[in-house]
$ cat coords.pdb   # PDB, C-alpha atoms and all ligand atoms
ATOM      1  CA  MET N   1     111.732  92.996 113.876
ATOM      2  CA  MET N   2     109.318  90.157 113.278
ATOM      3  CA  MET N   3     111.155  87.185 111.806
ATOM      4  CA  THR N   4     109.520  85.203 109.058
ATOM      5  CA  LYS N   5     109.070  81.517 109.786
ATOM      6  CA  HIS N   6     109.574  79.380 106.743
ATOM      7  CA  VAL N   7     106.151  79.063 105.190
ATOM      8  CA  THR N   8     104.980  78.059 101.751
ATOM      9  CA  ILE N   9     102.336  80.181 100.127
ATOM     10  CA  ILE N  10     100.315  79.016  97.158
ATOM     11  CA  ILE N  11      99.606  81.710  94.598
ATOM     12  CA  THR N  12      96.807  81.180  92.090
ATOM     13  CA  LYS N  13      96.340  83.377  89.034
ATOM     14  CA  LYS N  14      92.756  84.245  88.230
ATOM     15  CA  ASP N  15      92.148  86.637  85.336
ATOM     16  CA  LYS N  16      94.604  89.442  86.077
ATOM     17  CA  ARG N  17      94.577  88.798  89.800
ATOM     18  CA  MET N  18      96.707  86.781  92.150
ATOM     19  CA  VAL N  19      94.776  84.968  94.851
ATOM     20  CA  ILE N  20      96.369  83.588  98.002
ATOM     21  CA  ILE N  21      94.753  81.838 100.953
ATOM     22  CA  SER N  22      96.576  82.705 104.158
ATOM     23  CA  LYS N  23      96.056  80.390 107.088
ATOM     24  CA  SER N  24      98.109  82.348 109.635
ATOM     25  CA  PRO N  25      99.679  85.743 110.378
ATOM     26  CA  GLU N  26     103.031  84.194 109.383
ATOM     27  CA  GLU N  27     101.700  83.355 105.936
ATOM     28  CA  THR N  28     100.319  86.867 105.512
ATOM     29  CA  LEU N  29     103.702  88.245 106.592
ATOM     30  CA  ALA N  30     105.343  86.053 103.939
ATOM     31  CA  VAL N  31     102.966  87.481 101.314
ATOM     32  CA  GLY N  32     104.019  90.971 102.431
ATOM     33  CA  LYS N  33     107.665  90.010 101.989
ATOM     34  CA  ARG N  34     106.959  88.775  98.455
ATOM     35  CA  ILE N  35     105.200  92.041  97.670
ATOM     36  CA  GLY N  36     108.081  94.030  99.166
ATOM     37  CA  ALA N  37     110.582  92.186  96.975
ATOM     38  CA  LYS N  38     108.704  93.477  93.904
ATOM     39  CA  CYS N  39     108.473  97.100  95.014
ATOM     40  CA  LYS N  40     110.250  99.769  93.010
ATOM     41  CA  PRO N  41     110.748 103.483  93.627
ATOM     42  CA  GLY N  42     107.300 105.059  93.552
ATOM     43  CA  THR N  43     105.265 101.877  94.129
ATOM     44  CA  VAL N  44     101.961 102.736  95.826
ATOM     45  CA  ILE N  45     100.023  99.931  97.487
ATOM     46  CA  SER N  46      96.457 100.248  98.665
ATOM     47  CA  LEU N  47      95.721  97.782 101.473
ATOM     48  CA  ARG N  48      92.021  97.058 101.690
ATOM     49  CA  GLY N  49      90.091  94.999 104.172
ATOM     50  CA  SER N  50      88.052  95.321 107.345
ATOM     51  CA  LEU N  51      89.430  96.060 110.827
ATOM     52  CA  GLY N  52      91.869  93.328 111.806
ATOM     53  CA  ALA N  53      92.008  91.810 108.325
ATOM     54  CA  GLY N  54      95.823  91.899 108.256
ATOM     55  CA  LYS N  55      96.723  95.116 106.419
ATOM     56  CA  THR N  56      99.397  96.044 108.954
ATOM     57  CA  VAL N  57     100.769  92.486 108.859
ATOM     58  CA  ILE N  58     101.301  92.932 105.092
ATOM     59  CA  ALA N  59     103.021  96.283 105.773
ATOM     60  CA  LYS N  60     105.384  94.554 108.221
ATOM     61  CA  GLY N  61     106.319  91.995 105.573
ATOM     62  CA  VAL N  62     106.969  94.691 102.982
ATOM     63  CA  ALA N  63     109.112  96.591 105.507
ATOM     64  CA  GLU N  64     111.155  93.472 106.215
ATOM     65  CA  ALA N  65     111.783  92.972 102.491
ATOM     66  CA  LEU N  66     112.882  96.605 102.163
ATOM     67  CA  GLY N  67     115.429  96.082 104.926
ATOM     68  CA  ILE N  68     113.669  98.220 107.515
ATOM     69  CA  THR N  69     114.839  97.147 110.947
ATOM     70  CA  GLU N  70     112.672  99.537 112.946
ATOM     71  CA  ALA N  71     109.422  98.124 114.347
ATOM     72  CA  ILE N  72     106.353  98.972 112.298
ATOM     73  CA  VAL N  73     103.731 100.572 114.486
ATOM     74  CA  SER N  74     100.201 101.246 113.383
ATOM     75  CA  PRO N  75     100.153 104.899 112.319
ATOM     76  CA  THR N  76      96.506 105.429 113.266
ATOM     77  CA  PHE N  77      97.061 108.615 115.256
ATOM     78  CA  THR N  78      99.919 110.060 113.256
ATOM     79  CA  LEU N  79      98.340 109.080 109.891
ATOM     80  CA  ILE N  80     101.765 108.669 108.274
ATOM     81  CA  GLN N  81     104.928 106.936 109.473
ATOM     82  CA  GLU N  82     108.172 107.180 107.556
ATOM     83  CA  TYR N  83     110.875 104.484 107.528
ATOM     84  CA  GLN N  84     114.230 104.253 105.801
ATOM     85  CA  GLY N  85     114.996 100.931 104.159
ATOM     86  CA  ALA N  86     118.272  99.653 102.718
ATOM     87  CA  LYS N  87     117.569 101.378  99.387
ATOM     88  CA  LEU N  88     114.082 102.787  99.528
ATOM     89  CA  ARG N  89     112.171 104.935 101.942
ATOM     90  CA  MET N  90     108.759 103.631 102.949
ATOM     91  CA  TYR N  91     105.678 105.583 103.963
ATOM     92  CA  HIS N  92     103.045 103.703 105.908
ATOM     93  CA  MET N  93      99.739 105.537 106.008
ATOM     94  CA  ASP N  94      96.647 104.674 108.011
ATOM     95  CA  LEU N  95      93.922 107.048 106.914
ATOM     96  CA  TYR N  96      91.173 105.643 109.145
ATOM     97  CA  ARG N  97      91.003 108.940 111.024
ATOM     98  CA  LEU N  98      91.574 111.236 108.045
ATOM     99  CA  SER N  99      88.805 113.800 107.678
ATOM    100  CA  GLY N 100      89.093 114.033 103.899
ATOM    101  CA  THR N 101      91.250 114.823 100.866
ATOM    102  CA  ASP N 102      91.818 118.408 102.098
ATOM    103  CA  GLU N 103      93.560 117.147 105.209
ATOM    104  CA  PHE N 104      95.609 114.708 103.090
ATOM    105  CA  GLU N 105      96.870 117.559 100.910
ATOM    106  CA  MET N 106      97.565 119.680 103.955
ATOM    107  CA  ILE N 107      99.844 117.065 105.515
ATOM    108  CA  GLY N 108     101.745 116.650 102.238
ATOM    109  CA  GLY N 109     100.368 113.212 101.456
ATOM    110  CA  GLU N 110      99.860 113.741  97.743
ATOM    111  CA  GLU N 111     103.543 114.569  97.094
ATOM    112  CA  MET N 112     104.505 111.353  98.849
ATOM    113  CA  LEU N 113     102.398 109.321  96.399
ATOM    114  CA  TYR N 114     104.346 110.688  93.450
ATOM    115  CA  GLY N 115     107.852 110.510  94.908
ATOM    116  CA  LYS N 116     110.513 107.791  94.977
ATOM    117  CA  ALA N 117     109.410 106.075  98.160
ATOM    118  CA  VAL N 118     107.269 102.959  98.498
ATOM    119  CA  THR N 119     103.909 103.946  99.953
ATOM    120  CA  LEU N 120     101.495 101.610 101.724
ATOM    121  CA  ILE N 121      98.048 102.955 102.489
ATOM    122  CA  GLU N 122      95.471 101.489 104.845
ATOM    123  CA  TRP N 123      91.967 102.918 104.392
ATOM    124  CA  SER N 124      92.950 104.526 101.063
ATOM    125  CA  GLU N 125      89.228 104.690 100.196
ATOM    126  CA  LYS N 126      89.394 108.134 101.830
ATOM    127  CA  ILE N 127      91.651 109.432  99.042
ATOM    128  CA  GLN N 128      90.518 107.135  96.213
ATOM    129  CA  GLU N 129      90.525 109.884  93.565
ATOM    130  CA  MET N 130      94.105 110.877  94.433
ATOM    131  CA  LEU N 131      95.610 107.410  93.974
ATOM    132  CA  PRO N 132      97.966 107.002  90.996
ATOM    133  CA  LYS N 133      96.695 104.855  88.091
ATOM    134  CA  THR N 134      99.549 102.450  88.763
ATOM    135  CA  THR N 135      98.398 101.727  92.328
ATOM    136  CA  VAL N 136      98.658  98.093  93.397
ATOM    137  CA  TYR N 137      95.562  96.848  95.200
ATOM    138  CA  VAL N 138      95.850  94.258  97.947
ATOM    139  CA  ASN N 139      92.525  93.070  99.357
ATOM    140  CA  LEU N 140      92.208  90.990 102.501
ATOM    141  CA  ASP N 141      88.979  89.174 103.283
ATOM    142  CA  ILE N 142      88.392  87.339 106.533
ATOM    143  CA  LYS N 143      86.758  83.972 105.929
ATOM    144  CA  PRO N 144      84.404  82.474 108.558
ATOM    145  CA  ASP N 145      87.190  80.082 109.614
ATOM    146  CA  GLN N 146      89.542  83.110 110.077
ATOM    147  CA  ASP N 147      91.685  82.305 107.050
ATOM    148  CA  ARG N 148      92.386  85.344 104.872
ATOM    149  CA  VAL N 149      91.745  85.517 101.162
ATOM    150  CA  ILE N 150      94.375  87.883  99.768
ATOM    151  CA  THR N 151      93.807  89.255  96.278
ATOM    152  CA  ILE N 152      96.491  91.274  94.512
ATOM    153  CA  GLU N 153      95.869  93.423  91.454
ATOM    154  CA  GLY N 154      98.491  95.397  89.578
ATOM    155  CA  MET N 155     101.536  93.386  90.628
ATOM    156  CA  GLU N 156     102.772  89.926  89.681
ATOM    157  CA  LEU N 157     104.423  87.961  92.447
TER
HETATM  158  N1  LIG W   1      95.760  84.663 108.267
HETATM  159  C1  LIG W   1      95.960  85.788 108.954
HETATM  160  N2  LIG W   1      96.593  86.816 108.358
HETATM  161  C2  LIG W   1      96.787  87.982 109.024
HETATM  162  N3  LIG W   1      96.404  88.232 110.280
HETATM  163  C3  LIG W   1      95.788  87.228 110.922
HETATM  164  C4  LIG W   1      95.531  85.981 110.290
HETATM  165  N4  LIG W   1      94.884  85.199 111.188
HETATM  166  C5  LIG W   1      94.751  85.933 112.298
HETATM  167  N5  LIG W   1      95.301  87.152 112.173
HETATM  168  C6  LIG W   1      95.341  88.221 113.195
HETATM  169  O1  LIG W   1      94.580  89.300 112.716
HETATM  170  C7  LIG W   1      95.143  90.528 113.147
HETATM  171  C8  LIG W   1      95.431  91.438 111.956
HETATM  172  O2  LIG W   1      95.834  92.669 112.449
HETATM  173  P1  LIG W   1      96.285  93.912 111.588
HETATM  174  O3  LIG W   1      96.676  94.958 112.565
HETATM  175  O4  LIG W   1      97.275  93.529 110.559
HETATM  176  O5  LIG W   1      94.906  94.304 110.864
HETATM  177  P2  LIG W   1      94.576  95.616 110.034
HETATM  178  O6  LIG W   1      93.899  95.143 108.800
HETATM  179  O7  LIG W   1      95.794  96.440 109.876
HETATM  180  O8  LIG W   1      93.511  96.336 110.958
HETATM  181  P3  LIG W   1      93.194  97.906 111.174
HETATM  182  O9  LIG W   1      92.160  98.293 110.155
HETATM  183  O10 LIG W   1      92.636  97.947 112.561
HETATM  184  O11 LIG W   1      94.455  98.669 111.023
HETATM  185  C9  LIG W   1      96.405  90.191 113.925
HETATM  186  O12 LIG W   1      96.092  90.188 115.301
HETATM  187  C10 LIG W   1      96.743  88.784 113.458
HETATM  188  O13 LIG W   1      97.420  88.034 114.418
HETATM  189 MG    MG W   2      96.305  98.343 110.465
END
$ encode --input "coords.pdb" --output "structure tokens"
Amino acid sequence: MMMTKHVTIIITKKDKRMVIISKSPEETLAVGKRIGAKCKPGTVISLRGSLGAGKTVIAKGVAEALGITEAIVSPTFTLIQEYQGAKLRMYHMDLYRLSGTDEFEMIGGEEMLYGKAVTLIEWSEKIQEMLPKTTVYVNLDIKPDQDRVITIEGMEL
């Protein structure tokens, strides 16, 4: 398990969004932990951002907050990884290699979105129309200096 160093994150509220500048993987992990602390049964989180933006780092933070002790591995080839937390189950999806919504239905993905687990989805653009209305959106943008601009919609930290 990745341990969180003590870091301070500054959260700014802009319209209905929370904006955070992350200067390191540790800070992004801390943001993930904050998100994880707010998750409830059925929370679905769409993680958006380019390759290497830090989506999986956020997932690791959420997992830590949910009390998952197992290491979080990128589920690129399996599409979906399942973890059991202290109270909640967590699904971590990486749909980069998903062919389309048909394949998602075939592997039982849609039921997972409407169950009691917390679901994190990387590359959820592939199943945009299947996402619940209550989906939380977390966007990560890589700035030229490598800092990350993290924008959260649909959840208050
Ligand atoms: N501020 C930062 N926040 C998060 N990651 C950072 C930051 N600065 C540098 N990094 C590095 O960027 C990489 C992010 O990797 P990660 O696997 O989380 O990306 P990803 O968005 O899941 O990519 P992919 O689309 O390939 O799954 C890590 O190697 C991490 O160390
Ligand atoms: Mg990833």
$ residues_near_ligand --input "coords.pdb" --ligand "ligand MG 2 (chain W)" --cutoff "10 Å" --atoms "only C-alpha atoms and all ligand atoms" --output "ChimeraX atom specification"
/N:47-59,73-76,92-96,121-123
$ closest_residue --input "coords.pdb" --among "N:Tyr83, N:Glu103, N:Val62, N:Glu70" --to "Lys38 in chain N" --atoms "all atoms listed in the file"
N:Val62
$ axis_aligned_box --input "coords.pdb" --around "range 133-151 of chain N" --padding-each-side "4 Å" --output "JSON"
{"center_x": 92.0, "center_y": 92.5, "center_z": 99.1, "size_x": 23.1, "size_y": 32.8, "size_z": 30.0}
$ resolve_selection --input "coords.pdb" --expression "the PyMOL selection byres (((chain N and resi 154) around 6) and not hetatm)" --output "number ranges by chain"
N: 136, 153, 155
$ residues_around --input "coords.pdb" --residues "range 24-28 of chain N" --least-positions-apart "6" --cutoff "8 Å" --atoms "all atoms listed in the file" --output "ChimeraX atom specification"
/N:4-5,7-9,54,57-58,61,147
$ residues_near_point --input "coords.pdb" --point "(102.7, 100.2, 96.0)" --cutoff "8 Å" --atoms "only C-alpha atoms" --output "list in words"
Cys39, Gly42, Thr43, Val44, Ile45, Ser46, Val118, Thr119, Leu120, Thr135, Val136 and Tyr137 of chain N
$ closest_residue --input "coords.pdb" --among "N:Ala37, N:Leu66, N:Ile10, N:Met90" --to "Ala117 in chain N" --atoms "all atoms listed in the file"
N:Met90
$ atom_distance --input "coords.pdb" --atom1 "CA of Ser22 in chain N" --atom2 "CA of Val149 in chain N"
6.3 Å
$ atom_distance --input "coords.pdb" --atom1 "CA of Met106 in chain N" --atom2 "atom O10 of ligand LIG 1 (chain W)"
23.9 Å
$ atom_distance --input "coords.pdb" --atom1 "CA of Thr151 in chain N" --atom2 "CA of Val138 in chain N"
5.7 Å
$ closest_residue --input "coords.pdb" --among "N:Gly108, N:Leu140, N:Lys23, N:Arg17" --to "ligand LIG 1 (chain W)" --atoms "only C-alpha atoms and all ligand atoms"
N:Lys23
$ residues_around --input "coords.pdb" --residues "Val19 in chain N" --least-positions-apart "2" --cutoff "8 Å" --atoms "only C-alpha atoms" --output "ChimeraX atom specification"
/N:11-14,17,21,149-152
$ closest_residue --input "coords.pdb" --among "N:Lys40, N:Arg34, N:Lys126, N:Arg148" --to "ligand LIG 1 (chain W)" --atoms "all atoms listed in the file"
N:Arg148
$ closest_residue --input "coords.pdb" --among "N:Ile80, N:Ile72, N:Met18, N:Ala65" --to "Leu113 in chain N" --atoms "only C-alpha atoms"
N:Ile80
$ resolve_selection --input "coords.pdb" --expression "the PyMOL selection byres (((chain N and resi 101) around 10) and not hetatm)" --output "list in words"
Leu98, Ser99, Gly100, Asp102, Glu103, Phe104, Glu105, Met106, Gly109, Glu110, Lys126, Ile127, Gln128, Glu129 and Met130 of chain N
$ build_atoms --input "coords.pdb" --residues "range 70-83 of chain N" --atoms "N, CA and C atoms" --output "PDB file, in the frame of the given file"
ATOM      1  N   GLU N  70     113.523  98.910 111.932  1.00  0.00           N
ATOM      2  CA  GLU N  70     112.672  99.537 112.946  1.00  0.00           C
ATOM      3  C   GLU N  70     111.334  98.788 113.035  1.00  0.00           C
ATOM      4  N   ALA N  71     110.734  98.780 114.200  1.00  0.00           N
ATOM      5  CA  ALA N  71     109.422  98.124 114.347  1.00  0.00           C
ATOM      6  C   ALA N  71     108.346  98.961 113.661  1.00  0.00           C
ATOM      7  N   ILE N  72     107.455  98.282 112.978  1.00  0.00           N
ATOM      8  CA  ILE N  72     106.353  98.972 112.298  1.00  0.00           C
ATOM      9  C   ILE N  72     105.206  99.111 113.288  1.00  0.00           C
ATOM     10  N   VAL N  73     104.855 100.335 113.577  1.00  0.00           N
ATOM     11  CA  VAL N  73     103.731 100.572 114.486  1.00  0.00           C
ATOM     12  C   VAL N  73     102.566 101.110 113.678  1.00  0.00           C
ATOM     13  N   SER N  74     101.376 100.782 114.104  1.00  0.00           N
ATOM     14  CA  SER N  74     100.201 101.246 113.383  1.00  0.00           C
ATOM     15  C   SER N  74     100.117 102.767 113.454  1.00  0.00           C
ATOM     16  N   PRO N  75     100.119 103.425 112.290  1.00  0.00           N
ATOM     17  CA  PRO N  75     100.153 104.899 112.319  1.00  0.00           C
ATOM     18  C   PRO N  75      98.778 105.549 112.446  1.00  0.00           C
ATOM     19  N   THR N  76      97.881 104.918 113.191  1.00  0.00           N
ATOM     20  CA  THR N  76      96.506 105.429 113.266  1.00  0.00           C
ATOM     21  C   THR N  76      96.424 106.883 113.718  1.00  0.00           C
ATOM     22  N   PHE N  77      97.186 107.259 114.737  1.00  0.00           N
ATOM     23  CA  PHE N  77      97.061 108.615 115.256  1.00  0.00           C
ATOM     24  C   PHE N  77      97.939 109.624 114.540  1.00  0.00           C
ATOM     25  N   THR N  78      99.034 109.144 113.958  1.00  0.00           N
ATOM     26  CA  THR N  78      99.919 110.060 113.256  1.00  0.00           C
ATOM     27  C   THR N  78      99.575 110.131 111.773  1.00  0.00           C
ATOM     28  N   LEU N  79      98.740 109.230 111.298  1.00  0.00           N
ATOM     29  CA  LEU N  79      98.340 109.080 109.891  1.00  0.00           C
ATOM     30  C   LEU N  79      99.459 108.546 109.001  1.00  0.00           C
ATOM     31  N   ILE N  80     100.663 109.108 109.139  1.00  0.00           N
ATOM     32  CA  ILE N  80     101.765 108.669 108.274  1.00  0.00           C
ATOM     33  C   ILE N  80     103.025 108.411 109.089  1.00  0.00           C
ATOM     34  N   GLN N  81     103.630 107.257 108.874  1.00  0.00           N
ATOM     35  CA  GLN N  81     104.928 106.936 109.473  1.00  0.00           C
ATOM     36  C   GLN N  81     105.926 106.774 108.336  1.00  0.00           C
ATOM     37  N   GLU N  82     107.138 107.264 108.579  1.00  0.00           N
ATOM     38  CA  GLU N  82     108.172 107.180 107.556  1.00  0.00           C
ATOM     39  C   GLU N  82     109.299 106.274 108.048  1.00  0.00           C
ATOM     40  N   TYR N  83     109.782 105.400 107.174  1.00  0.00           N
ATOM     41  CA  TYR N  83     110.875 104.484 107.528  1.00  0.00           C
ATOM     42  C   TYR N  83     111.924 104.522 106.428  1.00  0.00           C
TER      43      TYR N  83
END
